[in-house]
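Undergrad: So here's protein22.csv (CSV, C-alpha atoms).
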chain,number,residue,atom,x,y,z
A,1,LYS,CA,-110.1,222.8,127.8
A,2,VAL,CA,-111.5,220.6,125.0
A,3,ARG,CA,-115.2,221.1,124.5
A,4,VAL,CA,-115.8,219.2,121.2
A,5,VAL,CA,-114.2,216.0,119.9
A,6,ILE,CA,-114.8,215.0,116.3
A,7,ASP,CA,-113.9,211.3,115.8
A,8,TYR,CA,-113.3,210.1,112.2
A,9,GLY,CA,-112.7,206.6,113.5
A,10,LEU,CA,-109.3,206.5,111.7
A,11,ARG,CA,-105.7,206.4,112.9
A,12,ARG,CA,-102.2,206.1,111.4
A,13,GLN,CA,-100.7,202.8,112.4
A,14,LEU,CA,-97.1,201.6,111.9
A,15,VAL,CA,-97.3,198.3,110.0
A,16,TYR,CA,-94.9,196.1,108.0
A,17,ASP,CA,-95.4,196.4,104.3
A,18,LYS,CA,-94.4,193.0,102.9
A,19,ARG,CA,-94.3,194.3,99.3
A,20,ARG,CA,-91.8,197.1,100.0
A,21,HIS,CA,-90.1,195.2,102.9
A,22,MET,CA,-90.4,198.3,105.1
A,23,SER,CA,-92.3,199.7,108.0
A,24,CYS,CA,-94.9,202.3,106.9
A,25,LEU,CA,-97.8,204.3,108.4
A,26,MET,CA,-101.1,203.1,107.1
A,27,THR,CA,-104.6,204.5,107.8
A,28,THR,CA,-106.7,202.0,109.6
A,29,TRP,CA,-110.0,201.9,111.6
A,30,VAL,CA,-109.6,202.4,115.3
A,31,SER,CA,-110.8,199.8,117.8
A,32,GLN,CA,-113.9,200.2,119.9
A,33,ALA,CA,-111.7,200.7,123.0
A,34,SER,CA,-109.8,203.5,121.2
A,35,ALA,CA,-113.1,205.2,120.1
A,36,LYS,CA,-114.2,205.1,123.8
A,37,GLN,CA,-110.9,206.6,124.9
A,38,ARG,CA,-111.3,209.4,122.4
A,39,ILE,CA,-114.6,210.4,123.9
A,40,GLY,CA,-112.9,210.8,127.3
A,41,ARG,CA,-110.8,213.7,125.9
A,42,THR,CA,-113.8,216.0,126.5
A,43,GLY,CA,-116.1,216.5,129.4
A,44,ARG,CA,-113.4,216.2,132.1
A,45,VAL,CA,-113.6,219.6,133.6
A,46,PHE,CA,-116.9,220.8,132.1
A,47,GLU,CA,-119.5,219.5,129.7
A,48,GLY,CA,-118.4,218.6,126.2
A,49,VAL,CA,-119.6,217.0,123.0
A,50,ALA,CA,-118.2,214.0,121.1
A,51,ILE,CA,-119.3,213.6,117.5
A,52,ARG,CA,-118.5,210.3,115.8
A,53,LEU,CA,-118.5,210.3,112.0
A,54,PHE,CA,-119.5,206.6,111.7
A,55,THR,CA,-122.7,204.8,112.4
A,56,LYS,CA,-123.4,202.7,115.5
A,57,GLN,CA,-123.9,199.6,113.3
A,58,PHE,CA,-120.4,200.1,111.8
A,59,TYR,CA,-119.0,200.6,115.3
A,60,GLU,CA,-120.5,197.4,116.6
A,61,THR,CA,-120.0,195.2,113.4
A,62,TYR,CA,-116.8,196.2,111.8
A,63,MET,CA,-114.6,197.7,114.5
A,64,ALA,CA,-112.5,195.3,116.5
A,65,GLU,CA,-113.1,195.4,120.3
A,66,PHE,CA,-109.4,196.0,121.1
A,67,ASP,CA,-106.3,197.0,119.2
A,68,PRO,CA,-104.0,194.1,118.3
A,69,PRO,CA,-100.7,194.1,120.3
A,70,GLU,CA,-98.0,196.1,118.6
A,71,MET,CA,-95.7,193.1,118.8
A,72,GLN,CA,-98.1,191.1,116.6
A,73,THR,CA,-98.3,193.8,113.9
A,74,ALA,CA,-94.9,195.6,113.9
A,75,PRO,CA,-91.8,194.1,112.1
A,76,LEU,CA,-89.7,192.1,114.5
A,77,GLU,CA,-86.3,192.4,112.8
A,78,LYS,CA,-84.9,195.3,114.9
A,79,LEU,CA,-86.5,193.9,118.1
A,80,TYR,CA,-85.0,190.5,117.4
A,81,VAL,CA,-81.5,192.1,117.0
A,82,ASN,CA,-81.9,193.9,120.3
A,83,VAL,CA,-83.1,190.8,122.1
A,84,LYS,CA,-80.3,188.8,120.6
A,85,HIS,CA,-77.8,191.3,122.0
A,86,LEU,CA,-79.6,191.3,125.4
A,87,SER,CA,-79.7,187.5,125.7
A,88,ALA,CA,-75.9,187.3,125.6
A,89,LYS,CA,-75.8,189.6,128.7
A,90,LEU,CA,-78.4,187.9,130.8
A,91,PRO,CA,-77.4,185.3,133.4
A,92,GLU,CA,-77.9,181.6,132.9
A,93,TYR,CA,-81.0,179.9,134.3
A,94,GLU,CA,-81.6,176.3,135.4
A,95,LEU,CA,-83.7,173.9,133.4
A,96,PRO,CA,-86.0,171.3,135.0
A,97,ASN,CA,-83.4,168.6,134.3
A,98,GLY,CA,-80.7,170.5,136.2
A,99,GLU,CA,-78.9,171.8,133.1
A,100,ARG,CA,-77.9,175.5,133.1
A,101,ARG,CA,-77.9,177.7,130.0
A,102,LYS,CA,-78.8,181.2,128.7
A,103,ARG,CA,-82.2,181.9,127.2
A,104,THR,CA,-82.4,182.1,123.5
A,105,PRO,CA,-83.9,185.2,121.8
A,106,LYS,CA,-87.0,183.2,120.8
A,107,GLU,CA,-87.6,182.1,124.4
A,108,LEU,CA,-87.3,185.7,125.6
A,109,LEU,CA,-89.8,186.9,123.0
A,110,LEU,CA,-92.2,184.2,123.9
A,111,LEU,CA,-92.0,185.3,127.6
A,112,THR,CA,-93.6,188.7,126.8
A,113,ALA,CA,-97.1,189.5,127.9
A,114,GLN,CA,-98.5,189.3,124.4
A,115,PRO,CA,-95.9,187.2,122.4
A,116,PRO,CA,-95.6,187.4,118.7
A,117,GLU,CA,-96.4,184.4,116.5
A,118,MET,CA,-93.6,181.9,116.0
A,119,SER,CA,-93.9,182.2,112.2
A,120,SER,CA,-93.3,186.0,112.5
A,121,ILE,CA,-90.1,185.3,114.6
A,122,ASP,CA,-88.9,182.7,112.1
A,123,SER,CA,-89.5,185.1,109.1
A,124,SER,CA,-87.7,187.9,110.9
A,125,ILE,CA,-84.7,185.6,111.5
A,126,GLU,CA,-84.8,184.6,107.8
A,127,VAL,CA,-84.8,188.3,106.7
A,128,LEU,CA,-81.9,189.1,109.1
A,129,ASP,CA,-79.9,186.2,107.7
A,130,GLN,CA,-80.5,187.3,104.1
A,131,LEU,CA,-79.5,190.8,104.9
A,132,GLY,CA,-76.3,189.7,106.6
A,133,ALA,CA,-77.2,190.8,110.1
A,134,LEU,CA,-76.7,187.3,111.5
A,135,THR,CA,-74.0,184.8,110.8
A,136,ASP,CA,-76.7,182.0,110.1
A,137,ARG,CA,-80.3,181.1,110.9
A,138,SER,CA,-79.6,179.1,114.0
A,139,GLU,CA,-80.3,180.2,117.6
A,140,GLY,CA,-76.5,180.3,118.3
A,141,ALA,CA,-75.8,182.7,115.4
A,142,GLU,CA,-73.8,185.8,116.2
A,143,LEU,CA,-74.5,189.4,115.2
A,144,THR,CA,-72.5,190.8,112.4
A,145,VAL,CA,-71.3,194.4,112.0
A,146,LEU,CA,-74.6,195.1,110.2
A,147,GLY,CA,-76.5,193.7,113.1
A,148,TYR,CA,-74.8,196.0,115.6
A,149,LEU,CA,-75.4,198.9,113.2
A,150,MET,CA,-79.1,198.1,113.2
A,151,MET,CA,-79.3,198.4,117.0
A,152,SER,CA,-77.7,201.9,117.0
A,153,VAL,CA,-79.3,203.5,113.9
A,154,PRO,CA,-83.0,204.5,113.9
A,155,LEU,CA,-83.6,203.2,110.3
A,156,ASP,CA,-85.3,200.2,108.8
A,157,VAL,CA,-83.2,197.1,108.5
A,158,HIS,CA,-82.9,197.4,104.7
A,159,LEU,CA,-81.8,201.0,104.9
A,160,CYS,CA,-79.1,200.1,107.5
A,161,ARG,CA,-77.7,197.7,104.9
A,162,LEU,CA,-77.6,200.6,102.4
A,163,VAL,CA,-75.7,202.8,104.9
A,164,ILE,CA,-73.1,200.1,105.6
A,165,PHE,CA,-72.6,199.3,101.9
A,166,GLY,CA,-72.2,203.1,101.2
A,167,ALA,CA,-69.4,203.1,103.9
A,168,VAL,CA,-67.7,199.9,102.4
A,169,LEU,CA,-67.8,201.3,98.9
A,170,GLY,CA,-66.3,204.7,100.0
A,171,LEU,CA,-69.5,206.6,99.7
A,172,PRO,CA,-70.8,207.1,103.2
A,173,CYS,CA,-72.4,210.5,102.7
A,174,GLU,CA,-74.3,209.4,99.6
A,175,GLY,CA,-75.5,206.2,101.4
A,176,LEU,CA,-76.7,208.3,104.4
A,177,VAL,CA,-78.5,210.8,102.2
A,178,ILE,CA,-80.3,208.1,100.2
A,179,ALA,CA,-81.3,206.1,103.3
A,180,SER,CA,-82.5,209.3,105.0
A,181,ALA,CA,-84.6,210.2,101.9
A,182,LEU,CA,-86.1,206.7,101.8
A,183,SER,CA,-86.9,206.7,105.5
A,184,VAL,CA,-89.3,209.7,105.4
A,185,GLN,CA,-92.8,210.0,104.2
A,186,ASP,CA,-93.3,211.0,100.5
A,187,PRO,CA,-93.2,214.9,100.6
A,188,PHE,CA,-96.2,215.0,98.1
A,189,THR,CA,-98.4,213.3,100.7
A,190,LEU,CA,-97.4,215.5,103.6
A,191,PRO,CA,-99.8,218.2,104.9
A,192,SER,CA,-98.9,221.4,103.0
A,193,HIS,CA,-98.4,223.5,106.2
A,194,LEU,CA,-95.4,221.2,107.0
A,195,ILE,CA,-93.7,222.0,103.6
A,196,ILE,CA,-94.8,225.6,103.0
A,197,LYS,CA,-93.9,227.7,106.1
A,198,ASP,CA,-95.2,231.0,104.7
A,199,PRO,CA,-98.0,230.7,102.1
A,200,ARG,CA,-97.4,234.3,101.0
Kindly return the structure encoded in the file as structure tokens.
TA:
Amino acid sequence: KVRVVIDYGLRRQLVYDKRRHMSCLMTTWVSQASAKQRIGRTGRVFEGVAIRLFTKQFYETYMAEFDPPEMQTAPLEKLYVNVKHLSAKLPEYELPNGERRKRTPKELLLLTAQPPEMSSIDSSIEVLDQLGALTDRSEGAELTVLGYLMMSVPLDVHLCRLVIFGAVLGLPCEGLVIASALSVQDPFTLPSHLIIKDPR
């Protein structure tokens, strides 16, 4: 029963911050397609009003027509680790020359509907190798213990390394607490109603 939609034209998008080497939520402008979709939230059952807090010229000039595919904006490290694990379980396929072999993780990623750029895949492999999640940078590299941990823990790849080093050094609780604290948004930027339950 939404009667009025007020569209600021902004959204929170998960992007990879190269400076911090972590995924973070950043405020960005929505695409024209997203702005049209927001209008559709009102007026379904009865008449409604949609108010856009940006000009038509800004909408037509500066907003992209469609959102970029998430695979082209999100970090690929965790996805690559999962695809690496999956590629070992998939059956072999036959090449045009008659040879049979399994698909590599790069080939599987390039088969997606909106594949990531090859440079992004290569940089994610380099990061995983530096972190110790892969045995080397080649396509035939194996996953290490850290690589398997990255698949099972919902943390950024750098924080997974912190957790495993905490366990190796005999400080598993401290490593988990620090990684958990680093994985959440800064409490000083959270909306106050999420922190203060009772304002009295």
Undergrad: Gln130 (chain A): which residues within 12 Å, counting all atoms listed in the file, same-chain residues fewer than 6 positions away excluded, as a list in words?
TA: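 My reading of the contact set: Glu77, Ser123, Ser124, Asp136, Arg137, Leu146, Gly147, Val157, His158 and Arg161 of chain A.
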Undergrad: Tell me which residues come within 12 Å of (-81.9, 180.7, 126.4), as a list in words, counting all atoms listed in the file in the file's coordinates.
TA: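 Checked against the point, the hits come out as Val83, Lys84, Leu86, Ser87, Ala88, Lys89, Leu90, Pro91, Glu92, Tyr93, Glu94, Leu95, Glu99, Arg100, Arg101, Lys102, Arg103, Thr104, Pro105, Lys106, Glu107, Leu108, Leu109, Leu110, Leu111, Glu139 and Gly140 of chain A.
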Undergrad: So that I can check the surroundings of region 169-184 of chain A, please list as a ChimeraX atom specification every protein, DNA and RNA residue that reaches within 8 Å of it, counting all atoms listed in the file and ignoring chain neighbours fewer than 3 positions away.
TA: /A:155-156,159-160,162-166
Undergrad: Taking all atoms listed in the file into account, name the residue in A:Leu14, A:Gly98, A:Phe46, A:Lys36 that is nearest to Met71 (chain A).
TA: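 Looking only at the distances to Met71 (chain A), the closest residue turns out to be A:Leu14.
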Undergrad: Mind giving me the straight-line distance from CA of Glu65 (chain A) to CA of Ala50 (chain A) in Å, one decimal?
TA: 19.3 Å
Undergrad: Restricting the calculation to all atoms listed in the file: of A:Val168, A:Val4, A:Ala113, A:Leu76, which residue gets closest to Leu128 (chain A)?
TA: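 Answer, going by the shortest atom-to-atom distance: A:Leu76.
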Undergrad: Between A:Gln72, A:Tyr8, A:Pro154, A:Gly132, which one has atoms that come closest to Gln114 (chain A), using only C-alpha atoms?
TA: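 Comparing A:Gln72, A:Tyr8, A:Pro154, A:Gly132 against Gln114 (chain A), the winner is A:Gln72.
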Undergrad: Suppose you want the space between CA of Leu25 (chain A) and CA of Glu70 (chain A); what is it in Å?
TA: 13.1 Å
Undergrad: Ranking A:Ile39, A:Ala74, A:Val145, A:Met151 by minimum distance to Arg3 (chain A) and counting only C-alpha atoms, which one comes first?
TA: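 Distance minimum relative to Arg3 (chain A) lands on A:Ile39.
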Undergrad: Considering all atoms listed in the file, state which residue in the set A:Arg52, A:Thr73, A:Ser31, A:Ala141 is at the smallest distance from Glu117 (chain A).
TA: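 Of all the options, A:Thr73 lies closest to Glu117 (chain A).
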Undergrad: Just checking: using only C-alpha atoms, which residue out of A:Val49, A:Val30, A:Ile125, A:Val81 ends up closest to Pro68 (chain A)?
TA: A:Val30
Undergrad: CA of Ile51 (chain A) and CA of Cys24 (chain A), how far apart in Å?
TA: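 Distance between the two atoms: 28.9 Å.
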